[in-house]
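The next block holds one structure in the form of structure tokens; read it before the comments.
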Amino acid sequence: MSQDPSAAPSAIGQPPQSPRIRDTRPGLDRTARLVLIAAAVVVTISMGVRQAFGVFLTPVVAELGIGREVFGFAIAVQNLLFGLMQPFIGMIADRFGPSRVVLAGTAAYVAGLVLAASTGSPTGLMVTLGVAVGFGLAGTSFVVVLGAVGRAVPEARRPQCFALVTAGGSFGMFAVVPGAYAMLDAFGWRDAILLLAIAASAMAAFGFALDGARRRRPQGTAGAAPAPARPVRCRHAGPGASRSRP
């Protein structure tokens with residue numbers, strides 16, 4: 001029985017090696033990595049502080065002499081505004097840039113926390129922890145930062161980058177809530193909220209990096225081929241005359 005002389009001899013006892021699959025997707029440049037990190041940090045702080053509000057229920061209710069339903073209603077107003085403002089915040093971010101929206105959202109977020117730390121009435125709790133923080137959450141959440149990430153990274157990398165930024169919200173709950181418990185035990189609820197306000201103010205610094213994607217063409221589109229020209233028949237020319245439209 002003849003053998004093919006071009007066939008390479010296989011090693012006895014060794015499993016066949018599968019061919020390596022090379023990742024041909026474009027990588028992330030410096031601007032894209034900076035936007036990705038900034039977006040993840042903003043979401044981590046914003047969602048992390050939001051998840052920590054529940055630890056203040058018992059001390060706030062006890063000191064202000066209000067019912068649990070008052071505190072819960074303030075948080076409900078916060079979540080309602082957070083959801084209702086998402087479409088409008090997205091349109092504003094597309095028009096004026098994500099960094100301005102994050103800066104305004106951070107200002108509302110921090111102002112609501114600072115004023116909530118000094119409030120002494122149910123109305124004050126509603127305006128600060130409910131309305132102000134609700135607007136701040138809308139301006140520092142996924143709808144703003146994911147748009148910036150989508151413009152900065154190549155199209156083939158967007159699902160992976162979106163997942164990393166979204167995971168920042170879960171990591172914020174993991175990281176911020178235990179810290180809020182520790183600050184509540186050490187300093188009391190008013191000083192603990194002030195410390196959270198200081199942490200939330202860091203979102204403004206990272207928000208400036210999000211506009212880096214707005215000042216340039218997204219990756220993966222620079223080398224796109226132009227659309228082929230289409231022949232268009234001239235109205236006043238002969239039956240065989242035509243011109244090209246881009």
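Please note that chains go A, B, ... in the order of the structure tokens, that every chain numbers its residues from 1, and that ligands are numbered from 1 in the order shown.
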field: Residue contacts of stretch 121-134 of chain A (7 Å, only C-alpha atoms) excluding same-chain residues fewer than 2 positions away, as a count of residues only
entry: 19
Using DSSP assignments from the backbone, pull out every residue in stretch 33-237 of chain A that falls under helix (DSSP H, G or I) and give it to me as a short mmCIF file (atom, residue, chain, number, x, y, z; two decimals) with C-alpha atoms, in the first residue's frame.
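Generated file (result24.cif):
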```
data_model
loop_
_atom_site.label_atom_id
_atom_site.label_comp_id
_atom_site.auth_asym_id
_atom_site.auth_seq_id
_atom_site.Cartn_x
_atom_site.Cartn_y
_atom_site.Cartn_z
CA ARG A 33 -9.21 52.87 26.64
CA LEU A 34 -9.45 56.18 28.47
CA VAL A 35 -13.13 56.57 27.58
CA LEU A 36 -13.82 52.98 28.62
CA ILE A 37 -12.15 53.40 32.02
CA ALA A 38 -13.85 56.74 32.66
CA ALA A 39 -17.28 55.34 31.76
CA ALA A 40 -16.81 52.33 34.05
CA VAL A 41 -15.73 54.52 36.98
CA VAL A 42 -18.67 56.91 36.55
CA VAL A 43 -21.18 54.05 36.51
CA THR A 44 -19.48 52.34 39.45
CA ILE A 45 -19.74 55.43 41.65
CA SER A 46 -23.23 56.44 40.50
CA MET A 47 -24.85 53.04 40.88
CA GLY A 48 -22.83 52.15 43.97
CA VAL A 49 -23.93 55.20 45.93
CA ARG A 50 -27.49 54.64 44.79
CA GLN A 51 -27.49 51.08 46.15
CA ALA A 52 -26.17 52.31 49.49
CA PHE A 53 -29.21 54.44 50.35
CA GLY A 54 -30.98 51.50 51.97
CA VAL A 55 -28.47 51.34 54.83
CA PHE A 56 -29.59 54.81 56.00
CA LEU A 57 -33.25 53.90 56.42
CA THR A 58 -33.20 53.02 60.12
CA PRO A 59 -31.06 55.94 61.43
CA VAL A 60 -32.81 58.56 59.27
CA VAL A 61 -36.28 57.41 60.28
CA ALA A 62 -35.30 57.30 63.95
CA GLU A 63 -33.70 60.77 64.05
CA LEU A 64 -36.24 62.64 61.94
CA ARG A 68 -40.54 54.29 56.83
CA GLU A 69 -43.01 55.09 54.08
CA VAL A 70 -41.69 58.66 53.87
CA PHE A 71 -38.15 57.49 53.25
CA GLY A 72 -39.39 54.84 50.85
CA PHE A 73 -41.48 57.39 48.94
CA ALA A 74 -38.43 59.64 48.53
CA ILE A 75 -36.48 56.73 47.05
CA ALA A 76 -39.45 55.90 44.81
CA VAL A 77 -39.50 59.47 43.46
CA GLN A 78 -35.76 59.20 42.87
CA ASN A 79 -36.16 56.00 40.85
CA LEU A 80 -39.12 57.43 38.93
CA LEU A 81 -37.17 60.50 37.84
CA PHE A 82 -34.17 58.35 37.07
CA GLY A 83 -36.22 56.31 34.61
CA LEU A 84 -38.34 59.08 33.09
CA GLN A 86 -33.37 58.72 30.42
CA PRO A 87 -34.63 59.53 26.88
CA PHE A 88 -34.24 63.28 27.37
CA ILE A 89 -30.81 62.94 28.95
CA GLY A 90 -29.69 60.82 26.01
CA MET A 91 -30.80 63.47 23.51
CA ILE A 92 -29.07 66.21 25.51
CA ALA A 93 -25.85 64.16 25.64
CA ASP A 94 -25.94 63.66 21.86
CA ARG A 95 -26.37 67.39 21.33
CA PHE A 96 -24.02 68.90 23.91
CA PRO A 98 -21.54 63.48 27.51
CA SER A 99 -19.03 65.37 29.64
CA ARG A 100 -21.38 68.33 30.14
CA VAL A 101 -24.23 66.02 31.04
CA VAL A 102 -22.08 64.08 33.52
CA LEU A 103 -20.87 67.35 35.03
CA ALA A 104 -24.43 68.62 35.49
CA GLY A 105 -25.56 65.26 36.82
CA THR A 106 -22.67 65.16 39.28
CA ALA A 107 -23.57 68.65 40.51
CA ALA A 108 -27.19 67.61 41.12
CA TYR A 109 -26.07 64.33 42.72
CA VAL A 110 -23.63 65.99 45.11
CA ALA A 111 -25.99 68.85 45.95
CA GLY A 112 -28.76 66.39 46.78
CA LEU A 113 -26.51 64.37 49.07
CA VAL A 114 -25.08 67.42 50.85
CA LEU A 115 -28.51 68.92 51.45
CA ALA A 116 -29.93 65.56 52.52
CA ALA A 117 -27.25 65.34 55.21
CA SER A 118 -28.56 68.57 56.75
CA PRO A 122 -39.88 64.94 55.26
CA THR A 123 -40.21 67.65 52.59
CA GLY A 124 -36.48 68.29 52.64
CA LEU A 125 -35.80 64.58 52.33
CA MET A 126 -38.14 64.40 49.35
CA VAL A 127 -36.52 67.33 47.54
CA THR A 128 -32.93 66.32 48.22
CA LEU A 129 -32.76 62.54 48.26
CA GLY A 130 -35.70 62.18 45.90
CA VAL A 131 -35.70 64.94 43.27
CA ALA A 132 -32.10 66.21 43.22
CA VAL A 133 -30.45 62.79 43.45
CA GLY A 134 -32.93 61.43 40.89
CA PHE A 135 -31.82 64.03 38.34
CA GLY A 136 -28.20 63.36 39.25
CA LEU A 137 -28.61 59.64 38.65
CA ALA A 138 -30.14 60.26 35.24
CA PHE A 142 -25.67 54.08 31.43
CA VAL A 143 -27.53 56.09 28.80
CA VAL A 144 -24.84 58.78 28.85
CA VAL A 145 -21.65 56.76 29.18
CA LEU A 146 -22.57 53.92 26.83
CA GLY A 147 -23.14 56.39 24.01
CA ALA A 148 -19.64 57.77 24.54
CA VAL A 149 -18.16 54.27 24.63
CA GLY A 150 -19.99 53.31 21.43
CA ARG A 151 -18.42 56.22 19.58
CA ALA A 152 -14.93 55.55 20.91
CA GLU A 155 -17.87 48.21 16.23
CA ALA A 156 -16.53 44.69 16.70
CA ARG A 157 -15.49 45.53 20.28
CA ARG A 158 -18.69 47.26 21.38
CA PRO A 159 -20.47 44.25 22.97
CA GLN A 160 -17.42 43.46 25.08
CA CYS A 161 -16.90 47.09 26.11
CA PHE A 162 -20.59 47.59 26.89
CA ALA A 163 -20.49 44.53 29.13
CA LEU A 164 -17.45 45.84 31.00
CA VAL A 165 -19.10 49.21 31.64
CA THR A 166 -22.37 47.61 32.72
CA ALA A 167 -20.49 45.38 35.13
CA GLY A 168 -19.30 48.55 36.83
CA GLY A 169 -22.79 49.05 38.25
CA SER A 170 -22.70 45.64 39.92
CA PHE A 171 -19.18 46.21 41.17
CA GLY A 172 -20.31 49.53 42.67
CA MET A 173 -22.87 47.74 44.80
CA PHE A 174 -20.21 45.28 45.90
CA ALA A 175 -17.67 48.00 46.77
CA VAL A 176 -19.71 50.99 48.00
CA VAL A 177 -22.37 49.35 50.20
CA PRO A 178 -19.90 47.79 52.68
CA GLY A 179 -18.05 51.11 52.84
CA ALA A 180 -21.31 52.93 53.56
CA TYR A 181 -22.01 50.50 56.42
CA ALA A 182 -18.57 51.15 57.87
CA MET A 183 -18.92 54.94 57.61
CA LEU A 184 -22.40 54.80 59.15
CA ASP A 185 -21.08 52.91 62.18
CA ALA A 186 -18.05 55.18 62.55
CA PHE A 187 -19.45 58.67 61.88
CA TRP A 189 -25.62 58.90 58.97
CA ARG A 190 -25.16 62.63 58.29
CA ASP A 191 -21.38 62.51 58.04
CA ALA A 192 -21.56 59.24 56.12
CA ILE A 193 -23.78 60.88 53.47
CA LEU A 194 -21.33 63.78 53.25
CA LEU A 195 -18.50 61.33 52.63
CA LEU A 196 -20.56 59.70 49.89
CA ALA A 197 -21.05 63.16 48.37
CA ILE A 198 -17.28 63.65 48.29
CA ALA A 199 -16.88 60.30 46.57
CA ALA A 200 -19.62 61.19 44.06
CA ALA A 202 -15.08 62.38 41.54
CA MET A 203 -17.47 61.56 38.68
CA ALA A 204 -16.98 65.07 37.30
CA ALA A 205 -13.25 64.52 36.75
CA PHE A 206 -13.82 61.25 34.90
CA GLY A 207 -16.68 62.75 32.92
CA PHE A 208 -14.32 65.09 31.08
CA ALA A 209 -12.65 62.09 29.44
CA LEU A 210 -15.92 61.03 27.80
CA ASP A 211 -15.82 63.86 25.27
CA GLY A 212 -12.65 62.43 23.72
CA ALA A 213 -14.83 60.15 21.59
#
```
